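What follows is the content of my_file-v2.txt (compact mmCIF, C-alpha atoms).
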# COMPACT_ATOMS: atom_id res chain seq x y z
CA PHE A 225 149.28 7.33 83.83
CA ALA A 226 148.29 5.86 80.47
CA LYS A 227 145.25 5.43 78.27
CA ASP A 228 142.35 4.24 80.47
CA LEU A 229 144.73 3.71 83.44
CA TYR A 230 144.52 5.80 86.61
CA ALA A 231 146.22 5.73 90.01
CA GLY A 232 146.29 7.96 93.03
CA ILE A 233 146.07 8.43 96.77
CA ALA A 234 143.03 7.11 98.67
CA PHE A 235 141.83 8.73 101.90
CA ASP A 236 138.96 7.74 104.18
CA TYR A 237 137.62 9.60 107.21
CA ALA A 238 134.55 8.85 109.28
CA TYR A 239 133.49 9.45 112.87
CA TYR A 240 130.92 7.20 114.54
CA THR A 241 129.05 8.33 117.62
CA ASP A 242 125.90 7.57 119.64
CA ILE A 243 125.71 3.96 118.41
CA GLU A 244 122.48 2.33 119.60
CA THR A 245 121.71 -1.39 119.40
CA ASP A 246 118.77 -3.65 120.11
CA THR A 247 119.02 -5.41 123.46
CA ASN A 248 119.15 -8.76 121.62
CA SER A 249 121.74 -7.60 119.09
CA PHE A 250 124.64 -9.90 118.28
CA LEU A 251 126.83 -6.80 118.64
CA LEU A 252 126.17 -6.82 122.39
CA ARG A 253 126.10 -10.59 122.71
CA ASP A 254 129.48 -11.00 121.04
CA ASN A 255 130.91 -7.72 122.36
CA GLU A 256 131.88 -6.70 118.83
CA LEU A 257 134.53 -4.07 118.20
CA GLY A 258 133.14 -0.64 117.35
CA LEU A 259 130.34 -0.24 119.90
CA ALA A 260 132.15 2.75 121.38
CA GLY A 261 132.45 4.44 117.98
CA GLY A 262 135.21 6.89 117.30
CA PRO A 263 137.27 8.08 114.33
CA ASP A 264 138.19 6.08 111.24
CA VAL A 265 141.20 7.55 109.43
CA GLY A 266 142.57 5.60 106.50
CA LEU A 267 145.28 6.39 103.97
CA GLY A 268 146.42 4.30 101.02
CA PHE A 269 146.36 3.82 97.27
CA ALA A 270 143.80 3.41 94.50
CA ALA A 271 144.16 2.22 90.92
CA ALA A 272 141.63 1.94 88.11
CA TYR A 273 141.38 0.75 84.54
CA ASP A 274 138.35 2.02 82.63
CA SER A 275 137.74 1.38 78.94
CA ARG A 276 133.92 1.53 79.05
CA ASP A 277 132.21 3.31 76.19
CA SER A 278 129.77 4.93 78.66
CA ARG A 279 130.03 5.65 82.35
CA TYR A 280 126.29 5.27 82.94
CA THR A 281 125.06 2.63 80.46
CA PRO A 282 128.07 0.79 79.02
CA LEU A 283 127.74 -1.57 76.06
CA THR A 284 131.39 -2.61 75.83
CA GLY A 285 134.61 -2.28 77.78
CA THR A 286 136.30 -3.18 81.04
CA TYR A 287 136.29 -1.50 84.44
CA ILE A 288 138.59 -2.48 87.33
CA LEU A 289 138.92 -0.50 90.56
CA SER A 290 141.20 -1.50 93.43
CA THR A 291 141.83 0.26 96.74
CA LEU A 292 144.17 -0.50 99.62
CA LEU A 293 143.78 1.49 102.83
CA PHE A 294 145.72 1.47 106.11
CA TYR A 295 144.19 2.72 109.36
CA PRO A 296 147.09 3.35 111.76
CA GLU A 297 146.98 5.01 115.15
CA LEU A 298 149.64 7.42 113.90
CA ILE A 299 147.10 9.40 111.84
CA GLY A 300 144.30 9.20 114.39
CA SER A 301 142.36 6.00 113.71
CA LYS A 302 140.88 4.46 116.86
CA TYR A 303 141.10 0.92 115.48
CA GLN A 304 144.14 -0.33 113.58
CA PHE A 305 143.44 -2.44 110.52
CA THR A 306 143.97 -2.79 106.77
CA ARG A 307 141.24 -2.92 104.13
CA PHE A 308 141.43 -4.03 100.49
CA ALA A 309 138.68 -3.92 97.84
CA LEU A 310 138.53 -5.02 94.21
CA ASP A 311 135.69 -4.44 91.74
CA ALA A 312 136.06 -5.93 88.22
CA ARG A 313 133.47 -5.56 85.44
CA LYS A 314 133.28 -6.62 81.79
CA TYR A 315 130.71 -5.65 79.15
CA PHE A 316 129.87 -7.36 75.87
CA ASN A 317 127.63 -6.14 73.05
CA PRO A 318 126.52 -9.29 71.14
CA TRP A 319 124.15 -7.44 68.78
CA TYR A 320 122.23 -4.18 68.40
CA LYS A 321 122.08 -2.52 71.87
CA HIS A 322 121.90 -5.72 73.89
CA THR A 323 124.45 -6.03 76.68
CA ILE A 324 125.90 -8.89 78.69
CA ALA A 325 127.45 -7.43 81.85
CA LEU A 326 129.62 -9.33 84.33
CA GLN A 327 130.89 -8.20 87.72
CA ALA A 328 133.05 -9.82 90.40
CA THR A 329 134.06 -8.13 93.64
CA THR A 330 135.96 -9.01 96.77
CA GLY A 331 136.81 -7.25 99.99
CA PHE A 332 139.32 -8.15 102.68
CA SER A 333 140.24 -6.65 106.04
CA ASN A 334 142.39 -7.86 108.90
CA ARG A 335 143.41 -7.14 112.49
CA ASP A 336 141.04 -5.13 114.73
CA VAL A 337 138.20 -4.20 112.37
CA PRO A 338 135.11 -2.49 113.89
CA PHE A 339 131.81 -4.05 112.84
CA TYR A 340 130.86 -1.05 110.67
CA ASP A 341 134.03 -1.47 108.56
CA LEU A 342 133.57 -5.15 107.79
CA SER A 343 132.71 -6.19 104.22
CA LEU A 344 128.93 -6.10 103.72
CA LEU A 345 126.88 -8.48 101.60
CA GLY A 346 123.86 -7.03 99.81
CA SER A 347 122.90 -3.60 98.40
CA ASP A 348 120.90 -1.97 95.61
CA ASN A 349 123.77 -2.74 93.19
CA LYS A 350 125.10 -6.15 94.27
CA MET A 351 123.24 -9.18 95.62
CA ARG A 352 119.98 -7.34 95.05
CA GLY A 353 117.23 -8.71 97.27
CA TYR A 354 119.51 -8.72 100.32
CA TYR A 355 119.72 -5.51 102.37
CA GLN A 356 123.22 -4.09 102.74
CA GLY A 357 124.83 -5.77 105.73
CA PHE A 358 122.63 -8.88 105.60
CA LEU A 359 125.92 -10.63 106.29
CA ARG A 360 129.23 -9.05 107.23
CA ASP A 361 132.70 -10.40 107.90
CA LYS A 362 136.36 -9.76 107.16
CA VAL A 363 136.14 -11.35 103.69
CA LEU A 364 133.49 -10.89 101.01
CA VAL A 365 133.27 -12.51 97.58
CA ASP A 366 130.38 -11.98 95.17
CA GLY A 367 129.61 -11.88 91.47
CA GLN A 368 126.76 -11.42 89.04
CA VAL A 369 125.90 -11.62 85.35
CA GLU A 370 123.16 -9.44 83.85
CA TYR A 371 121.46 -9.35 80.45
CA ARG A 372 120.15 -5.95 79.28
CA MET A 373 117.79 -5.68 76.35
CA PRO A 374 116.00 -2.74 74.71
CA VAL A 375 112.30 -3.37 74.05
CA TRP A 376 110.71 -0.34 72.45
CA LYS A 377 111.94 3.23 72.05
CA MET A 378 112.84 4.46 75.56
CA PHE A 379 111.96 1.19 77.36
CA GLY A 380 114.06 -1.86 78.15
CA VAL A 381 114.24 -4.89 80.44
CA THR A 382 116.98 -6.74 82.29
CA GLY A 383 117.53 -9.96 84.20
CA TRP A 384 120.39 -11.18 86.37
CA ILE A 385 121.70 -13.93 88.58
CA GLY A 386 124.43 -13.66 91.18
CA ALA A 387 126.00 -15.33 94.20
CA GLY A 388 128.07 -14.22 97.16
CA ARG A 389 129.14 -14.95 100.69
CA THR A 390 131.25 -13.70 103.59
CA ALA A 391 133.84 -15.47 105.72
CA PRO A 392 136.45 -14.69 108.38
CA ASP A 393 139.23 -15.44 105.85
CA TYR A 394 139.66 -16.72 102.30
CA GLU A 395 140.56 -20.20 103.52
CA SER A 396 137.07 -20.51 105.05
CA LEU A 397 135.23 -19.91 101.75
CA SER A 398 133.39 -22.90 100.30
CA ILE A 399 131.15 -23.23 97.24
CA ASP A 400 128.25 -24.85 99.12
CA ASN A 401 127.70 -21.84 101.40
CA PHE A 402 127.15 -19.18 98.73
CA HIS A 403 123.90 -17.21 98.78
CA LEU A 404 121.90 -16.81 95.56
CA SER A 405 120.53 -13.55 94.13
CA TYR A 406 118.35 -13.29 91.04
CA GLY A 407 115.78 -10.95 89.59
CA ALA A 408 114.54 -8.77 86.77
CA GLY A 409 113.72 -5.15 86.13
CA PHE A 410 112.72 -2.59 83.57
CA ARG A 411 114.42 0.53 82.26
CA VAL A 412 113.16 3.94 81.15
CA ARG A 413 115.50 6.28 79.26
CA VAL A 414 115.38 9.63 81.07
CA ASP A 415 118.44 11.33 79.54
CA THR A 416 119.09 10.62 75.86
CA LYS A 417 122.15 12.88 75.66
CA ASN A 418 124.05 11.04 78.39
CA ASN A 419 122.34 7.68 77.79
CA ILE A 420 121.00 7.43 81.37
CA ASN A 421 118.20 5.10 82.42
CA MET A 422 115.92 5.06 85.40
CA ARG A 423 115.88 1.49 86.69
CA VAL A 424 113.33 -0.44 88.70
CA ASP A 425 114.70 -3.79 89.88
CA PHE A 426 113.07 -6.65 91.75
CA GLY A 427 115.65 -8.82 93.50
CA PHE A 428 115.07 -12.18 95.18
CA GLY A 429 116.81 -14.90 97.13
CA PRO A 430 115.86 -18.20 98.79
CA ASP A 431 113.51 -18.33 101.81
CA GLY A 432 111.45 -15.28 100.91
CA ILE A 433 114.30 -12.77 100.53
CA ALA A 434 113.18 -9.88 98.31
CA GLY A 435 113.86 -6.23 97.57
CA THR A 436 112.65 -3.51 95.20
CA TYR A 437 115.01 -0.79 94.00
CA ILE A 438 114.40 2.45 92.09
CA ASN A 439 117.49 4.33 90.98
CA PHE A 440 119.25 6.00 88.07
CA SER A 441 121.93 4.45 85.81
CA GLU A 442 122.66 0.73 85.74
CA ALA A 443 123.45 -1.27 88.86
CA PHE A 444 127.03 -1.72 87.63
Would you mind writing the structure in this file as structure tokens?
Amino acid sequence: FAKDLYAGIAFDYAYYTDIETDTNSFLLRDNELGLAGGPDVGLGFAAAYDSRDSRYTPLTGTYILSTLLFYPELIGSKYQFTRFALDARKYFNPWYKHTIALQATTGFSNRDVPFYDLSLLGSDNKMRGYYQGFLRDKVLVDGQVEYRMPVWKMFGVTGWIGAGRTAPDYESLSIDNFHLSYGAGFRVRVDTKNNINMRVDFGFGPDGIAGTYINFSEAF
């Protein structure tokens, strides 16, 4: 639509079947929606603003992606709900090829949301150290700040700290219940032309939470 600004139609389709749970699972205990599986069919809108200087290893710029999806019975969705997601990132280049990267995300869903469509805390990109789905609920809020520094030729290091939590609604969020994520990693340049790194990250949280991640391009 304009320089760095994009908008379009968003569509989501998934079909869940043969769902198996542990006999002690909270899904059975709480009789959570979604145990029977079935089709997810969502239709909505997406908008993005992207002024990053690199898609894979940005030094400067802003990235914002927002999606709003509706899952009505009219188009075949078994459960009827609405889902919204927002991902905002900002990159600063204080000197040389050092980068300060910031990210804040939120997700919101309402009405009859199956457990597999709830907002999930943790992943190899956000709240590293927590496995994806460590916590899940209708509302998710998380954020992180990361410092990226070249060391020698094709090698670099990074460190980050972040926090996040889930809740049944935004009114239930409180500062004292946020979970902490922190860690460090190293980078190896594997594609000079496209400025792509291989990353190895070690993420941690309180009470022995830990995770190791090997992937390509930056976490965000």
- Message: I'd like to know which of A:Gly435, A:Pro374, A:Gly427, A:Gly367 is closest to Tyr320 of chain A, using all atoms listed in the file.
- Response: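 Using all atoms listed in the file, the shortest distance to Tyr320 of chain A belongs to A:Pro374.
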- Please work out which residues fall within 7 Å of (135.8, -7.8, 97.0), coordinates as given in the file, with all atoms listed in the file counting, and return them as a list in words. Ala309, Leu310, Asp311, Thr329, Thr330, Gly331, Phe332, Leu364 and Val365 of chain A
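Going from atom CA of Ser301 of chain A over to atom CA of Gly258 of chain A, you cover 11.9 Å.
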- Using only C-alpha atoms, find all polymer residues with an atom at most 6 Å away from the point (116.2, -0.4, 84.6); report them as a list in words. Gly409, Phe410, Arg411, Met422, Arg423 and Val424 of chain A
If we count all atoms listed in the file and set the cut-off at 12 Å, which residues sit around Thr382 of chain A, ignoring sequence neighbours fewer than 5 positions away in its own chain? Please answer as a CSV table (one decimal) with C-alpha atoms, in the coordinates of the input.
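What landed in result.csv:
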chain,number,residue,atom,x,y,z
A,322,HIS,CA,121.9,-5.7,73.9
A,323,THR,CA,124.4,-6.0,76.7
A,324,ILE,CA,125.9,-8.9,78.7
A,325,ALA,CA,127.4,-7.4,81.8
A,369,VAL,CA,125.9,-11.6,85.4
A,370,GLU,CA,123.2,-9.4,83.8
A,371,TYR,CA,121.5,-9.4,80.4
A,372,ARG,CA,120.2,-6.0,79.3
A,373,MET,CA,117.8,-5.7,76.4
A,374,PRO,CA,116.0,-2.7,74.7
A,375,VAL,CA,112.3,-3.4,74.0
A,406,TYR,CA,118.4,-13.3,91.0
A,407,GLY,CA,115.8,-11.0,89.6
A,408,ALA,CA,114.5,-8.8,86.8
A,409,GLY,CA,113.7,-5.2,86.1
A,410,PHE,CA,112.7,-2.6,83.6
A,411,ARG,CA,114.4,0.5,82.3
A,412,VAL,CA,113.2,3.9,81.2
A,421,ASN,CA,118.2,5.1,82.4
A,423,ARG,CA,115.9,1.5,86.7
A,424,VAL,CA,113.3,-0.4,88.7
A,425,ASP,CA,114.7,-3.8,89.9
A,426,PHE,CA,113.1,-6.6,91.8
A,427,GLY,CA,115.6,-8.8,93.5
A,442,GLU,CA,122.7,0.7,85.7
A,443,ALA,CA,123.4,-1.3,88.9
- What gap, in Å, lies between atom CA of Thr306 of chain A and atom CA of Ala226 of chain A? 28.0 Å
- Which residue out of A:Asp236, A:Lys321, A:Ala328, A:Leu257 has the minimum interatomic distance to Pro296 of chain A when all atoms listed in the file are used?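 Under the stated criterion, the closest residue is A:Asp236.
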- Query: Interatomic distance between atom CA of Gly300 of chain A and atom CA of Arg335 of chain A?
  - Reply: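 Separation of atom CA of Gly300 of chain A and atom CA of Arg335 of chain A: 16.5 Å.
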- Among A:Arg389, A:Lys314, A:Arg307, A:Lys302, Thr284 of chain A is approached most closely, using only C-alpha atoms, by A:Lys314
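With distances restricted to all atoms listed in the file, A:Phe444 is the closest residue to Tyr315 of chain A from A:Ala272, A:Phe444, A:Gly383, A:Tyr303.
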- Note on the structure: One residue among A:Leu326, A:Val363, A:Ile420, A:Val414 is nearest to Gly386 of chain A when using all atoms listed in the file, and that residue is A:Leu326
- Item | Pick from A:Gln304, A:Thr241, A:Thr247, A:Asn401, whichever lies nearest to Gly261 of chain A using all atoms listed in the file | A:Thr241
For segment 391-402 of chain A of the block above, can you save all heavy atoms as a PDB file, in the first residue's frame?
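Below you can see part.pdb, which holds the result:
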ATOM      1  N   ALA A 391      -2.724 -15.146  30.770  1.00  0.00           N
ATOM      2  CA  ALA A 391      -3.842 -14.839  31.660  1.00  0.00           C
ATOM      3  C   ALA A 391      -5.145 -15.084  30.906  1.00  0.00           C
ATOM      4  O   ALA A 391      -5.157 -15.139  29.669  1.00  0.00           O
ATOM      5  CB  ALA A 391      -3.777 -13.391  32.151  1.00  0.00           C
ATOM      6  N   PRO A 392      -6.249 -15.247  31.622  1.00  0.00           N
ATOM      7  CA  PRO A 392      -7.536 -15.434  30.939  1.00  0.00           C
ATOM      8  C   PRO A 392      -8.042 -14.176  30.240  1.00  0.00           C
ATOM      9  O   PRO A 392      -8.831 -14.249  29.310  1.00  0.00           O
ATOM     10  CB  PRO A 392      -8.484 -15.852  32.078  1.00  0.00           C
ATOM     11  CG  PRO A 392      -7.838 -15.348  33.322  1.00  0.00           C
ATOM     12  CD  PRO A 392      -6.367 -15.420  33.073  1.00  0.00           C
ATOM     13  N   ASP A 393      -7.576 -12.989  30.700  1.00  0.00           N
ATOM     14  CA  ASP A 393      -7.938 -11.729  30.060  1.00  0.00           C
ATOM     15  C   ASP A 393      -6.904 -10.682  30.467  1.00  0.00           C
ATOM     16  O   ASP A 393      -6.088 -10.902  31.374  1.00  0.00           O
ATOM     17  CB  ASP A 393      -9.356 -11.282  30.438  1.00  0.00           C
ATOM     18  CG  ASP A 393      -9.590 -11.301  31.935  1.00  0.00           C
ATOM     19  OD1 ASP A 393      -8.802 -10.660  32.678  1.00  0.00           O
ATOM     20  OD2 ASP A 393     -10.535 -11.976  32.386  1.00  0.00           O
ATOM     21  N   TYR A 394      -6.919  -9.539  29.792  1.00  0.00           N
ATOM     22  CA  TYR A 394      -5.933  -8.497  30.072  1.00  0.00           C
ATOM     23  C   TYR A 394      -6.090  -7.927  31.484  1.00  0.00           C
ATOM     24  O   TYR A 394      -5.112  -7.517  32.105  1.00  0.00           O
ATOM     25  CB  TYR A 394      -6.026  -7.378  29.034  1.00  0.00           C
ATOM     26  CG  TYR A 394      -5.396  -7.733  27.706  1.00  0.00           C
ATOM     27  CD1 TYR A 394      -6.182  -8.004  26.590  1.00  0.00           C
ATOM     28  CD2 TYR A 394      -4.018  -7.812  27.566  1.00  0.00           C
ATOM     29  CE1 TYR A 394      -5.612  -8.325  25.359  1.00  0.00           C
ATOM     30  CE2 TYR A 394      -3.433  -8.130  26.357  1.00  0.00           C
ATOM     31  CZ  TYR A 394      -4.238  -8.393  25.258  1.00  0.00           C
ATOM     32  OH  TYR A 394      -3.648  -8.734  24.055  1.00  0.00           O
ATOM     33  N   GLU A 395      -7.312  -7.905  31.996  1.00  0.00           N
ATOM     34  CA  GLU A 395      -7.530  -7.367  33.330  1.00  0.00           C
ATOM     35  C   GLU A 395      -6.846  -8.205  34.409  1.00  0.00           C
ATOM     36  O   GLU A 395      -6.561  -7.712  35.505  1.00  0.00           O
ATOM     37  CB  GLU A 395      -9.036  -7.275  33.628  1.00  0.00           C
ATOM     38  CG  GLU A 395      -9.783  -6.202  32.852  1.00  0.00           C
ATOM     39  CD  GLU A 395     -10.028  -6.589  31.397  1.00  0.00           C
ATOM     40  OE1 GLU A 395      -9.865  -7.779  31.062  1.00  0.00           O
ATOM     41  OE2 GLU A 395     -10.380  -5.696  30.599  1.00  0.00           O
ATOM     42  N   SER A 396      -6.570  -9.471  34.101  1.00  0.00           N
ATOM     43  CA  SER A 396      -5.962 -10.369  35.089  1.00  0.00           C
ATOM     44  C   SER A 396      -4.437 -10.307  35.098  1.00  0.00           C
ATOM     45  O   SER A 396      -3.797 -10.960  35.926  1.00  0.00           O
ATOM     46  CB  SER A 396      -6.405 -11.817  34.819  1.00  0.00           C
ATOM     47  OG  SER A 396      -7.805 -11.940  34.883  1.00  0.00           O
ATOM     48  N   LEU A 397      -3.839  -9.556  34.178  1.00  0.00           N
ATOM     49  CA  LEU A 397      -2.378  -9.449  34.141  1.00  0.00           C
ATOM     50  C   LEU A 397      -1.884  -8.635  35.336  1.00  0.00           C
ATOM     51  O   LEU A 397      -2.492  -7.642  35.716  1.00  0.00           O
ATOM     52  CB  LEU A 397      -1.929  -8.773  32.842  1.00  0.00           C
ATOM     53  CG  LEU A 397      -2.158  -9.548  31.556  1.00  0.00           C
ATOM     54  CD1 LEU A 397      -1.865  -8.662  30.352  1.00  0.00           C
ATOM     55  CD2 LEU A 397      -1.286 -10.796  31.510  1.00  0.00           C
ATOM     56  N   SER A 398      -0.759  -9.069  35.904  1.00  0.00           N
ATOM     57  CA  SER A 398      -0.135  -8.315  36.989  1.00  0.00           C
ATOM     58  C   SER A 398       1.376  -8.473  36.884  1.00  0.00           C
ATOM     59  O   SER A 398       1.878  -9.525  36.494  1.00  0.00           O
ATOM     60  CB  SER A 398      -0.627  -8.795  38.356  1.00  0.00           C
ATOM     61  OG  SER A 398      -0.329 -10.165  38.539  1.00  0.00           O
ATOM     62  N   ILE A 399       2.109  -7.437  37.233  1.00  0.00           N
ATOM     63  CA  ILE A 399       3.560  -7.413  37.080  1.00  0.00           C
ATOM     64  C   ILE A 399       4.237  -8.515  37.885  1.00  0.00           C
ATOM     65  O   ILE A 399       5.208  -9.127  37.444  1.00  0.00           O
ATOM     66  CB  ILE A 399       4.114  -6.035  37.508  1.00  0.00           C
ATOM     67  CG1 ILE A 399       3.590  -4.942  36.569  1.00  0.00           C
ATOM     68  CG2 ILE A 399       5.641  -6.038  37.489  1.00  0.00           C
ATOM     69  CD1 ILE A 399       4.031  -5.094  35.126  1.00  0.00           C
ATOM     70  N   ASP A 400       3.729  -8.830  39.079  1.00  0.00           N
ATOM     71  CA  ASP A 400       4.421  -9.767  39.958  1.00  0.00           C
ATOM     72  C   ASP A 400       4.341 -11.222  39.494  1.00  0.00           C
ATOM     73  O   ASP A 400       5.020 -12.080  40.054  1.00  0.00           O
ATOM     74  CB  ASP A 400       3.882  -9.653  41.392  1.00  0.00           C
ATOM     75  CG  ASP A 400       2.378  -9.899  41.463  1.00  0.00           C
ATOM     76  OD1 ASP A 400       1.699  -9.735  40.432  1.00  0.00           O
ATOM     77  OD2 ASP A 400       1.901 -10.248  42.552  1.00  0.00           O
ATOM     78  N   ASN A 401       3.534 -11.521  38.496  1.00  0.00           N
ATOM     79  CA  ASN A 401       3.402 -12.906  38.038  1.00  0.00           C
ATOM     80  C   ASN A 401       4.093 -13.178  36.703  1.00  0.00           C
ATOM     81  O   ASN A 401       3.842 -14.195  36.071  1.00  0.00           O
ATOM     82  CB  ASN A 401       1.922 -13.289  37.927  1.00  0.00           C
ATOM     83  CG  ASN A 401       1.278 -13.459  39.287  1.00  0.00           C
ATOM     84  OD1 ASN A 401       1.928 -13.939  40.227  1.00  0.00           O
ATOM     85  ND2 ASN A 401       0.018 -13.074  39.417  1.00  0.00           N
ATOM     86  N   PHE A 402       4.972 -12.279  36.264  1.00  0.00           N
ATOM     87  CA  PHE A 402       5.684 -12.506  35.012  1.00  0.00           C
ATOM     88  C   PHE A 402       6.802 -13.515  35.214  1.00  0.00           C
ATOM     89  O   PHE A 402       7.436 -13.579  36.272  1.00  0.00           O
ATOM     90  CB  PHE A 402       6.258 -11.189  34.482  1.00  0.00           C
ATOM     91  CG  PHE A 402       5.301 -10.430  33.607  1.00  0.00           C
ATOM     92  CD1 PHE A 402       4.243  -9.719  34.160  1.00  0.00           C
ATOM     93  CD2 PHE A 402       5.435 -10.447  32.228  1.00  0.00           C
ATOM     94  CE1 PHE A 402       3.351  -9.028  33.368  1.00  0.00           C
ATOM     95  CE2 PHE A 402       4.545  -9.758  31.420  1.00  0.00           C
ATOM     96  CZ  PHE A 402       3.505  -9.046  31.983  1.00  0.00           C
TER      97      PHE A 402
END
